[in-house]
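Working notes for the structure below.
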6 protein chains.
Amino acid sequence: MDLRIFIREMEALAPPALAEEFDAGRIGLVVEGKPEVETACCALDATPLVVREAIRAGAEMLVVHHTPLWTPVTALTGQTAALMRQILLAHLNLYVMHTNFDRATGGVNDALADLLSLEDITRMSLGLTGTCTIPVGEISRRLGGNLRVWGRLDTLHRLALVGGSGFDPAIMAEAVALGADAFLSAELKHSVARHAPLACIEATHYALEAPAMQQLAARQGWLYIADPPEIQYLV
Amino acid sequence: MDLRIFIREMEALAPPALAEEFDAGRIGLVVEGKPEVETACCALDATPLVVREAIRAGAEMLVVHHTPLWTPVTALTGQTAALMRQILLAHLNLYVMHTNFDRATGGVNDALADLLSLEDITRMSLGLTGTCTIPVGEISRRLGGNLRVWGRLDTLHRLALVGGSGFDPAIMAEAVALGADAFLSAELKHSVARHAPLACIEATHYALEAPAMQQLAARQGWLYIADPPEIQYLV
Amino acid sequence: MDLRIFIREMEALAPPALAEEFDAGRIGLVVEGKPEVETACCALDATPLVVREAIRAGAEMLVVHHTPLWTPVTALTGQTAALMRQILLAHLNLYVMHTNFDRATGGVNDALADLLSLEDITRMSLGLTGTCTIPVGEISRRLGGNLRVWGRLDTLHRLALVGGSGFDPAIMAEAVALGADAFLSAELKHSVARHAPLACIEATHYALEAPAMQQLAARQGWLYIADPPEIQYLV
Amino acid sequence: MDLRIFIREMEALAPPALAEEFDAGRIGLVVEGKPEVETACCALDATPLVVREAIRAGAEMLVVHHTPLWTPVTALTGQTAALMRQILLAHLNLYVMHTNFDRATGGVNDALADLLSLEDITRMSLGLTGTCTIPVGEISRRLGGNLRVWGRLDTLHRLALVGGSGFDPAIMAEAVALGADAFLSAELKHSVARHAPLACIEATHYALEAPAMQQLAARQGWLYIADPPEIQYLV
Amino acid sequence: MDLRIFIREMEALAPPALAEEFDAGRIGLVVEGKPEVETACCALDATPLVVREAIRAGAEMLVVHHTPLWTPVTALTGQTAALMRQILLAHLNLYVMHTNFDRATGGVNDALADLLSLEDITRMSLGLTGTCTIPVGEISRRLGGNLRVWGRLDTLHRLALVGGSGFDPAIMAEAVALGADAFLSAELKHSVARHAPLACIEATHYALEAPAMQQLAARQGWLYIADPPEIQYLV
Amino acid sequence: MDLRIFIREMEALAPPALAEEFDAGRIGLVVEGKPEVETACCALDATPLVVREAIRAGAEMLVVHHTPLWTPVTALTGQTAALMRQILLAHLNLYVMHTNFDRATGGVNDALADLLSLEDITRMSLGLTGTCTIPVGEISRRLGGNLRVWGRLDTLHRLALVGGSGFDPAIMAEAVALGADAFLSAELKHSVARHAPLACIEATHYALEAPAMQQLAARQGWLYIADPPEIQYLV
């Protein structure tokens with residue numbers, strides 16, 4: 001498939017116009033490789049391991065959620081030089097769908113709601129709130145563990161969730177107004193936890209966003225390459 | 001003691017000139033109460049529980065690390081109105097020492113190094129690196145648990161630490177250059193963890209900063225009021 | 001009456017959407033008190049005298065034109081601490097309507113036009129121009145004196161007026177184009193007076209804005225609390 | 001005298017380095033005329049009347065306090081075109097000394113202290129405080145009337161003054177700390193008057209700044225051209 | 001003709017709304033002279049020579065493409081004082097049409113296309129692309145010489161052109177997409193030339209923009225005043 | 001030689017502290033390749049031709065004056081992807097010295113003064129002025145032709161020069177004050193030429209800056225790779 005056609009298909013899936021302003025220049029084709037795409041892979045991040053696996057799989061395209069060139073660069077040195085050399089040498093294309101995919105139908109938050117079997121879903125300005133029919137232990141199991149619960153969580157009828165780093169006081173207030181008992185997201189800061197108006201279930205960033213990429217790969221017939229962070233607990 | 005004299009003593013302990021620029025207007029006397037200070041209390045945050053305990057203890061002064069008025073306000077409503085009413089009604093003074101105390105001798109990072117028995121300490125642009133003579137399990141015990149270790153941690157000879165939210169790539173590079181095997185701080189973000197050049201030991205913000213306030217209270221003969229966050233793990 | 005219903009009524013009277021952008025966060029409920037409002041008072045400013053009178057009157061609500069928290073604060077000390085303590089202790093609500101009330105029908109400029117019996121009124125981008133049927137001495141009498149007339153004022157057929165601090169060269173040019181002979185507002189600066197294209201009648205800020213609050217109180221059945229500045233003349 | 005030598009003399013009198021940053025490009029030679037200066041005039045503002053008188057006096061130089069080109073222009077139309085035509089046609093030089101003259105020895109504030117016979121003078125960050133040996137009625141007489149006194153003025157032992165528009169809360173606090181009973185300046189705003197920590201004596205901008213220009217003219221042997229604003233009172 | 005009517009006619013010819021944002025305040029009536037316009041002249045720049053010729057021709061109006069007051073001024077000295085004196089003394093009106101004329105029908109780029117006999121024209125975001133029926137030597141002849149060709153120019157079927165300083169990489173990419181073989185504009189920078197995706201024909205700024213002013217003068221029955229730069233070549 | 005030692009030598013030659021602020025992050029090691037440097041090449045720009053020649057010469061290092069990553073990038077596509085692939089694949093290091101080399105002793109302007117045999121040199125805020133002992137035709141010859149002279153050039157006793165794009169009105173005024181008869185630089189804009197206070201000799205950017213790189217290569221024993229722009233004249 002011509003690269004330009006592949007891009008057009010991706011733009012239909014996750015329209016660039018849905019992206020946050022801060023994503024300008026950081027989504028779409030981030031590294032240009034071969035003009036023909038036969039085999040595509042998919043992952044959350046373009047880590048060295050992921051890129052190596054994609055190349056080993058003979059892919060011409062790697063679709064990820066997070067760009068490896070977030071901060072604009074005027075130099076390619078150290079880790080960045082190594083990663084770019086790896087990608088450019090293999091003529092691998094790297095395509096990024098970020099907040100446009102968060103917001104797309106079937107995107108990050110929908111995949112998560114699906115994974116957790118949420119029902120009666122109401123969309124929020126970011127993320128969504130739904131009726132939760134499984135206990136928190138089962139949520140943990142489906143997300144691969146790694147949960148921390150901040151504050152009291154007695155009942156869990158309605159669950160608000162935002163994939164990625166979504167513990168924002170304004171959205172949390174929105175969740176409370178929608179009757180949520182708990183708020184599931186990642187990277188909870190102390191200052192936010194201190195004023196949280198509902199229980200906070202903190203998962204890893206990876207656990208919340210990887211499901212959408214995995215589901216996307218399954219739908220498109222691509223190879224999904226997992227690379228979760230290794231975490232040890234001493235609690 | 002006259003309030004102005006109390007303030008002068010605090011400024012000697014944690015000179016305002018040491019503070020980061022973003023702390024301008026957010027440290028020092030943040031709520032003005034009685035002009036005479038006999039009894040002082042100390043805590044990490046001015047939470048409703050902490051303020052209630054300070055008032056119950058008959059204090060005219062509460063010294064904290066984090067201001068409750070971080071974002072400048074043009075209105076006092078909701079939680080802010082309730083907290084300010086509680087403080088103003090009791091004519092309680094509220095005094096904040098933040099990044100100036102982080103940097104002060106005997107401040108946040110020194111208290112932490114002391115608690116963890118670090119030796120041969122080298123200061124970094126923020127935080128410090130020292131020789132660690134206790135195993136990571138003992139670190140966890142002394143910090144009250146709540147540790148997450150990201151990445152491989154085989155040996156732990158030299159430990160870098162930054163109290164609060166200090167997983168900054170530039171400081172982490174500094175730690176590596178100083179021979180650190182691990183970096184202890186709070187609030188590790190996924191994007192930083194992905195490129196971390198050494199093992200990251202993530203504690204809670206509270207666990208890293210409370211020791212300094214507790215040691216300060218002990219030195220000054222004040223009442224320390226604990227209010228750690230409640231966290232449940234489903235790992 | 002429930003506080004939320006009271007607020008909705010105020011928003012109908014002076015829609016927040018009419019306010020200037022610089023009023024963002026500085027209008028509406030500026031201090032939150034009791035959730036039930038039976039007795040309301042009204043004044044131009046929330047001065048210590050006004051607040052004392054409102055509390056003495058047993059009010060749960062004070063409606064004013066100027067917020068006492070104009071500059072965003074990160075600390076409550078000195079006069080601000082004293083005023084906020086007075087308001088919060090009494091659980092008095094403080095509600096502000098500023099440029100949204102200036103622009104509202106029956107607002108600041110309409111009240112002034114009414115007080116001065118202006119006819120054939122044309123609205124300007126700010127304030128209005130109307131036919132004046134009373135002599136300048138009577139204008140002074142109705143505004144409580146305190147007038148200064150800059151430049152020659154031979155005839156006064158059409159009068160432009162802007163409540164508050166409205167001597168803006170662009171609006172003054174607009175007034176000239178509408179045939180105004182004089183421009184009534186407050187706080188005339190030397191540099192503007194030097195280039196004024198018509199006679200300027202300078203009243204006090206209080207004299208121009210208080211009438212609207214007084215008329216509002218009368219319409220709503222609230223207690224109006226006067227607190228004009230004391231000025232002595234040595235001319 | 002060569003224009004460049006005249007400028008050098010002016011720079012010795014009121015060093016440009018003393019000026020506030022906002023005066024950059026707005027002081028010094030603001031309109032360039034004849035290269036030889038024999039006759040100079042002096043005034044507060046370059047009004048059409050002042051310029052006409054200076055030309056009638058055969059001057060090649062007019063020294064003023066306020067530039068007529070405060071707002072940077074990209075067009076010369078209306079009043080600005082007329083004034084610039086008048087000045088350029090006569091090849092009149094226009095030289096401005098503004099905040100550099102306020103701060104200079106013998107400048108605006110010194111001239112005012114001299115006119116009001118202040119003694120034991122202490123300089124403030126702007127303006128000065130001194131012992132006042134004349135009653136407020138005599139102050140009014142020497143300033144040509146036009147005074148408004150805001151708040152109670154019982155005793156007047158120490159008087160703070162700032163030429164021009166100087167009712168700044170920070171400087172007013174400074175004056176209180178220096179024991180001032182009253183603060184003399186121009187253009188008092190309602191919001192500042194409301195929180196004034198001492199009595200405010202409000203004169204006209206002209207009355208406070210013209211004396212310095214008049215004294216300068218006398219010292220240099222120049223013609224001083226008066227052009228005070230006409231004000232009628234209806235109090 | 002009344003000046004206001006003349007301005008209205010110019011605004012019909014080159015609507016101010018077509019101008020780039022950076023032209024705000026820099027187009028339209030830039031110097032105001034006589035209120036009646038009988039004789040008008042036209043030129044590219046208001047140079048001293050052009051102004052002298054316009055005055056000699058008895059004109060009340062000079063229409064130019066480039067304002068002589070581009071950088072906002074707070075002083076009239078040196079060359080600016082001399083030029084403004086010359087214009088103001090003669091009561092000459094100066095009217096500027098800049099990017100609004102570039103974009104207008106019959107404006108700068110249309111005049112150029114006309115001069116070079118381009119056919120089948122497609123407009124770009126700035127400038128246009130057309131079929132070129134004359135050889136590059138003839139282009140040079142019609143533009144008065146002064147051409148530099150950067151890069152290989154083998155065939156010249158389609159020519160892109162932007163009057164003035166238009167070698168912008170984004171527009172050059174647009175030209176390539178439209179099939180252009182060469183790009184004609186002025187003031188090519190080394191850094192742009194290095195990455196140019198097509199041959200660049202660099203003319204002088206004057207040669208590209210003067211034709212439009214000359215054609216305008218012819219259409220309106222005004223006197224066109226030429227003042228091309230003198231350039232010697234040592235190649 | 002170890003890459004770090006090579007960099008230290010370059011920093012001694014052209015200290016980074018001499019660079020303009022806009023060069024921050026755009027000088028020094030811009031692409032990281034092999035850690036050992038045996039063979040180095042030198043050029044003005046890292047064009048595809050230059051990079052190809054450097055690789056063919058077996059170099060591990062290419063030192064240039066202009067970075068190919070001037071605008072910070074968040075994507076590697078098109079020409080940038082191709083160039084970076086070429087450089088990274090060969091593990092070629094790319095080192096940039098820009099305004100720090102302009103200002104260094106023996107840098108861009110010194111090399112130019114040397115090439116043109118200037119004497120009695122006075123440094124300006126940028127560039128320099130010197131006595132010229134050769135005629136303008138010889139200047140052209142030594143610079144490889146490509147000169148355009150704007151304005152009259154009768155005598156050429158003192159010549160001001162600024163390598164690169166240096167026709168800045170402030171520096172041109174400085175040159176006039178130093179007695180310069182002509183100003184040699186590149187990329188003269190129409191608006192600057194219109195007000196030029198002395199004759200302007202416009203060379204190409206390449207012709208003015210390449211000599212310094214060539215002299216540097218000669219001194220260091222590196223291979224200099226020439227790649228001048230091709231320009232045809234139709235004058």
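So you can find residues: chains in the structure tokens are A, B, ... in the order shown, residues in each start at 1, and ligands are numbered from 1 in order.
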Write out as a short mmCIF file (atom, residue, chain, number, x, y, z; two decimals) with N, CA, C and O atoms, in the first residue's frame each polymer residue whose atoms come within 12 Å of Met1 in chain E, counting only C-alpha atoms; drop sequence neighbours fewer than 2 positions from it.
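In the end it all went to selection_33.cif:
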```
data_model
loop_
_atom_site.label_atom_id
_atom_site.label_comp_id
_atom_site.auth_asym_id
_atom_site.auth_seq_id
_atom_site.Cartn_x
_atom_site.Cartn_y
_atom_site.Cartn_z
N LEU E 3 -10.77 64.45 0.13
CA LEU E 3 -9.81 63.42 0.55
C LEU E 3 -10.52 62.13 0.97
O LEU E 3 -10.08 61.02 0.66
N ARG E 4 -11.65 62.29 1.69
CA ARG E 4 -12.36 61.10 2.15
C ARG E 4 -12.91 60.26 1.01
O ARG E 4 -12.94 59.03 1.07
N ILE E 5 -13.31 60.94 -0.06
CA ILE E 5 -13.81 60.21 -1.24
C ILE E 5 -12.65 59.49 -1.94
O ILE E 5 -12.75 58.34 -2.35
N PHE E 6 -11.50 60.20 -2.03
CA PHE E 6 -10.32 59.59 -2.64
C PHE E 6 -9.95 58.30 -1.89
O PHE E 6 -9.68 57.26 -2.48
N ILE E 7 -9.97 58.40 -0.55
CA ILE E 7 -9.62 57.24 0.28
C ILE E 7 -10.62 56.10 0.03
O ILE E 7 -10.23 54.93 -0.10
N ARG E 8 -11.89 56.45 -0.05
CA ARG E 8 -12.89 55.41 -0.29
C ARG E 8 -12.63 54.69 -1.62
O ARG E 8 -12.76 53.47 -1.73
N GLU E 9 -12.21 55.46 -2.64
CA GLU E 9 -11.91 54.85 -3.95
C GLU E 9 -10.71 53.91 -3.86
O GLU E 9 -10.69 52.83 -4.45
N LYS E 34 -3.51 68.12 2.54
CA LYS E 34 -4.67 68.93 2.15
C LYS E 34 -5.95 68.09 2.09
O LYS E 34 -5.92 66.92 1.69
N PRO E 35 -7.09 68.70 2.43
CA PRO E 35 -8.36 67.96 2.42
C PRO E 35 -8.96 67.79 1.02
O PRO E 35 -9.92 67.06 0.85
N GLU E 36 -8.35 68.47 0.02
CA GLU E 36 -8.82 68.34 -1.36
C GLU E 36 -7.72 67.74 -2.23
O GLU E 36 -6.58 68.18 -2.15
N VAL E 37 -8.08 66.75 -3.04
CA VAL E 37 -7.09 66.10 -3.90
C VAL E 37 -7.44 66.33 -5.36
O VAL E 37 -8.47 65.84 -5.83
N GLU E 38 -6.58 67.08 -6.06
CA GLU E 38 -6.80 67.26 -7.50
C GLU E 38 -5.81 66.44 -8.30
O GLU E 38 -6.16 65.73 -9.23
N THR E 39 -4.53 66.55 -7.89
CA THR E 39 -3.46 65.89 -8.62
C THR E 39 -2.81 64.82 -7.75
O THR E 39 -2.46 65.09 -6.60
N ALA E 40 -2.69 63.62 -8.30
CA ALA E 40 -2.07 62.54 -7.54
C ALA E 40 -0.87 61.99 -8.29
O ALA E 40 -0.85 61.96 -9.52
N GLU E 60 -1.32 66.90 -4.54
CA GLU E 60 -1.76 66.91 -3.14
C GLU E 60 -1.72 65.48 -2.59
O GLU E 60 -1.96 65.28 -1.40
N MET E 61 -1.43 64.53 -3.44
CA MET E 61 -1.50 63.13 -3.01
C MET E 61 -0.38 62.33 -3.65
O MET E 61 -0.12 62.46 -4.84
#
```
Arg194 in chain C surroundings by only C-alpha atoms, 12 Å radius, close-in-sequence under 5 positions cut, as a PyMOL selection string = (chain C and resi 150-151+167+169+188-189+199-200) or (chain D and resi 44-49+66+68+79+205-206+227-230)
Using DSSP secondary structure from the backbone, list all alpha helix (DSSP H) positions within range 64-205 of chain C, as a compact mmCIF listing (two decimals) with N, CA, C and O atoms, in the first residue's frame.
```
# COMPACT_ATOMS: atom_id res chain seq x y z
N GLY C 78 -2.65 41.48 56.54
CA GLY C 78 -2.99 42.90 56.67
C GLY C 78 -4.48 43.16 56.48
O GLY C 78 -5.33 42.43 57.00
N GLN C 79 -4.82 44.21 55.71
CA GLN C 79 -6.21 44.60 55.48
C GLN C 79 -7.04 43.47 54.87
O GLN C 79 -8.20 43.28 55.20
N THR C 80 -6.43 42.72 53.94
CA THR C 80 -7.17 41.65 53.28
C THR C 80 -7.56 40.56 54.27
O THR C 80 -8.69 40.06 54.25
N ALA C 81 -6.62 40.16 55.14
CA ALA C 81 -6.92 39.15 56.14
C ALA C 81 -8.05 39.64 57.05
O ALA C 81 -9.00 38.90 57.35
N ALA C 82 -7.99 40.91 57.47
CA ALA C 82 -9.00 41.46 58.38
C ALA C 82 -10.38 41.45 57.72
O ALA C 82 -11.37 41.04 58.32
N LEU C 83 -10.44 41.89 56.46
CA LEU C 83 -11.73 41.94 55.77
C LEU C 83 -12.28 40.54 55.53
O LEU C 83 -13.47 40.28 55.75
N MET C 84 -11.43 39.62 55.09
CA MET C 84 -11.91 38.27 54.80
C MET C 84 -12.33 37.56 56.09
O MET C 84 -13.31 36.82 56.11
N ARG C 85 -11.61 37.81 57.20
CA ARG C 85 -12.00 37.23 58.49
C ARG C 85 -13.41 37.71 58.86
O ARG C 85 -14.27 36.90 59.22
N GLN C 86 -13.64 39.03 58.71
CA GLN C 86 -14.94 39.64 59.03
C GLN C 86 -16.06 38.99 58.21
O GLN C 86 -17.10 38.61 58.74
N ILE C 87 -15.81 38.80 56.91
CA ILE C 87 -16.84 38.24 56.02
C ILE C 87 -17.05 36.75 56.28
O ILE C 87 -18.19 36.28 56.39
N LEU C 88 -15.94 35.99 56.38
CA LEU C 88 -16.05 34.53 56.53
C LEU C 88 -16.66 34.15 57.87
O LEU C 88 -17.46 33.21 57.96
N LEU C 89 -16.29 34.87 58.96
CA LEU C 89 -16.83 34.56 60.28
C LEU C 89 -18.33 34.69 60.29
O LEU C 89 -19.03 33.89 60.93
N THR C 99 -18.42 44.82 35.22
CA THR C 99 -18.67 45.33 33.86
C THR C 99 -19.90 44.66 33.23
O THR C 99 -20.49 45.22 32.30
N ASN C 100 -20.28 43.49 33.73
CA ASN C 100 -21.54 42.90 33.24
C ASN C 100 -22.73 43.76 33.67
O ASN C 100 -23.72 43.89 32.92
N PHE C 101 -22.65 44.41 34.82
CA PHE C 101 -23.75 45.28 35.26
C PHE C 101 -23.65 46.64 34.56
O PHE C 101 -24.67 47.26 34.26
N ASP C 102 -22.42 47.10 34.27
CA ASP C 102 -22.26 48.34 33.50
C ASP C 102 -23.05 48.23 32.19
O ASP C 102 -23.67 49.18 31.74
N ARG C 103 -22.97 47.07 31.59
CA ARG C 103 -23.53 46.87 30.25
C ARG C 103 -24.99 46.42 30.27
O ARG C 103 -25.68 46.47 29.24
N VAL C 108 -25.34 50.37 35.26
CA VAL C 108 -24.69 51.58 35.74
C VAL C 108 -24.99 52.79 34.88
O VAL C 108 -25.39 53.86 35.39
N ASN C 109 -24.84 52.66 33.55
CA ASN C 109 -25.02 53.82 32.69
C ASN C 109 -26.50 54.20 32.54
O ASN C 109 -26.83 55.39 32.50
N ASP C 110 -27.35 53.22 32.51
CA ASP C 110 -28.78 53.51 32.43
C ASP C 110 -29.26 54.24 33.69
O ASP C 110 -30.04 55.19 33.62
N ALA C 111 -28.79 53.79 34.85
CA ALA C 111 -29.18 54.42 36.11
C ALA C 111 -28.76 55.89 36.12
O ALA C 111 -29.47 56.77 36.60
N LEU C 112 -27.58 56.14 35.56
CA LEU C 112 -27.03 57.48 35.53
C LEU C 112 -27.85 58.36 34.58
O LEU C 112 -28.18 59.52 34.90
N ALA C 113 -28.16 57.82 33.41
CA ALA C 113 -28.96 58.56 32.43
C ALA C 113 -30.32 58.88 33.03
O ALA C 113 -30.87 59.99 32.84
N ASP C 114 -30.85 57.95 33.77
CA ASP C 114 -32.13 58.12 34.44
C ASP C 114 -32.04 59.23 35.49
O ASP C 114 -32.87 60.15 35.52
N LEU C 115 -31.01 59.17 36.30
CA LEU C 115 -30.81 60.16 37.37
C LEU C 115 -30.68 61.57 36.80
O LEU C 115 -31.13 62.55 37.39
N VAL C 136 -25.76 72.36 34.13
CA VAL C 136 -24.66 71.63 34.76
C VAL C 136 -24.71 71.74 36.29
O VAL C 136 -24.30 70.83 37.01
N GLY C 137 -25.24 72.87 36.78
CA GLY C 137 -25.37 73.02 38.23
C GLY C 137 -26.31 71.97 38.81
O GLY C 137 -26.07 71.43 39.89
N GLU C 138 -27.36 71.66 38.07
CA GLU C 138 -28.31 70.65 38.53
C GLU C 138 -27.69 69.25 38.43
O GLU C 138 -27.93 68.40 39.27
N ILE C 139 -26.88 69.04 37.40
CA ILE C 139 -26.13 67.77 37.31
C ILE C 139 -25.30 67.59 38.57
O ILE C 139 -25.30 66.53 39.20
N SER C 140 -24.59 68.64 38.92
CA SER C 140 -23.75 68.59 40.11
C SER C 140 -24.58 68.26 41.35
O SER C 140 -24.21 67.42 42.17
N ARG C 141 -25.74 68.95 41.48
CA ARG C 141 -26.59 68.73 42.65
C ARG C 141 -27.04 67.26 42.73
O ARG C 141 -26.96 66.63 43.79
N ARG C 142 -27.47 66.71 41.58
CA ARG C 142 -27.97 65.33 41.59
C ARG C 142 -26.86 64.30 41.86
O ARG C 142 -27.14 63.20 42.32
N PRO C 169 -9.78 58.05 25.03
CA PRO C 169 -9.78 58.85 23.81
C PRO C 169 -10.67 58.29 22.70
O PRO C 169 -11.34 59.05 21.99
N ALA C 170 -10.71 56.96 22.56
CA ALA C 170 -11.52 56.38 21.48
C ALA C 170 -13.01 56.62 21.72
O ALA C 170 -13.76 56.95 20.79
N ILE C 171 -13.45 56.49 22.98
CA ILE C 171 -14.87 56.70 23.28
C ILE C 171 -15.20 58.19 23.21
O ILE C 171 -16.29 58.58 22.79
N MET C 172 -14.23 59.02 23.58
CA MET C 172 -14.45 60.47 23.50
C MET C 172 -14.62 60.90 22.03
O MET C 172 -15.45 61.76 21.72
N ALA C 173 -13.85 60.28 21.13
CA ALA C 173 -14.00 60.57 19.71
C ALA C 173 -15.39 60.12 19.24
O ALA C 173 -16.03 60.80 18.42
N GLU C 174 -15.83 58.98 19.75
CA GLU C 174 -17.16 58.47 19.41
C GLU C 174 -18.23 59.48 19.86
O GLU C 174 -19.18 59.75 19.13
N ALA C 175 -18.05 60.03 21.05
CA ALA C 175 -19.00 61.00 21.59
C ALA C 175 -19.07 62.25 20.71
O ALA C 175 -20.15 62.77 20.42
N VAL C 176 -17.89 62.72 20.27
CA VAL C 176 -17.84 63.90 19.39
C VAL C 176 -18.61 63.60 18.10
O VAL C 176 -19.41 64.42 17.63
N ALA C 177 -18.38 62.42 17.55
CA ALA C 177 -19.07 62.05 16.31
C ALA C 177 -20.58 62.00 16.50
O ALA C 177 -21.35 62.21 15.55
N HIS C 190 -4.23 63.75 33.11
CA HIS C 190 -3.66 64.94 32.48
C HIS C 190 -3.42 64.73 30.99
O HIS C 190 -3.78 65.57 30.16
N SER C 191 -2.82 63.57 30.66
CA SER C 191 -2.45 63.34 29.26
C SER C 191 -3.69 63.24 28.37
O SER C 191 -3.64 63.61 27.19
N VAL C 192 -4.80 62.74 28.93
CA VAL C 192 -6.03 62.66 28.15
C VAL C 192 -6.68 64.04 28.07
O VAL C 192 -7.14 64.47 27.00
N ALA C 193 -6.68 64.77 29.18
CA ALA C 193 -7.29 66.11 29.20
C ALA C 193 -6.61 67.01 28.17
O ALA C 193 -7.25 67.84 27.51
N ARG C 194 -5.28 66.84 28.03
CA ARG C 194 -4.52 67.69 27.10
C ARG C 194 -5.03 67.58 25.67
O ARG C 194 -4.94 68.53 24.88
N HIS C 205 -15.75 58.68 40.98
CA HIS C 205 -16.10 57.32 40.59
C HIS C 205 -17.33 56.89 41.39
O HIS C 205 -18.29 56.32 40.83
```
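Of note, CA of Met213 in chain D and CA of Glu202 in chain C are spaced 26.8 Å apart.
For chain F, the residues close to chain A, meaning within 6 Å and counting only C-alpha atoms, are Arg26, Val30, Val31, Glu32, Leu69, Pro72, Val73, Thr74, Ala75, Leu76, Thr77, Arg85 and Leu88 of chain F.
Between CA of Pro16 in chain C and CA of Asp2 in chain C the separation is 19.6 Å.
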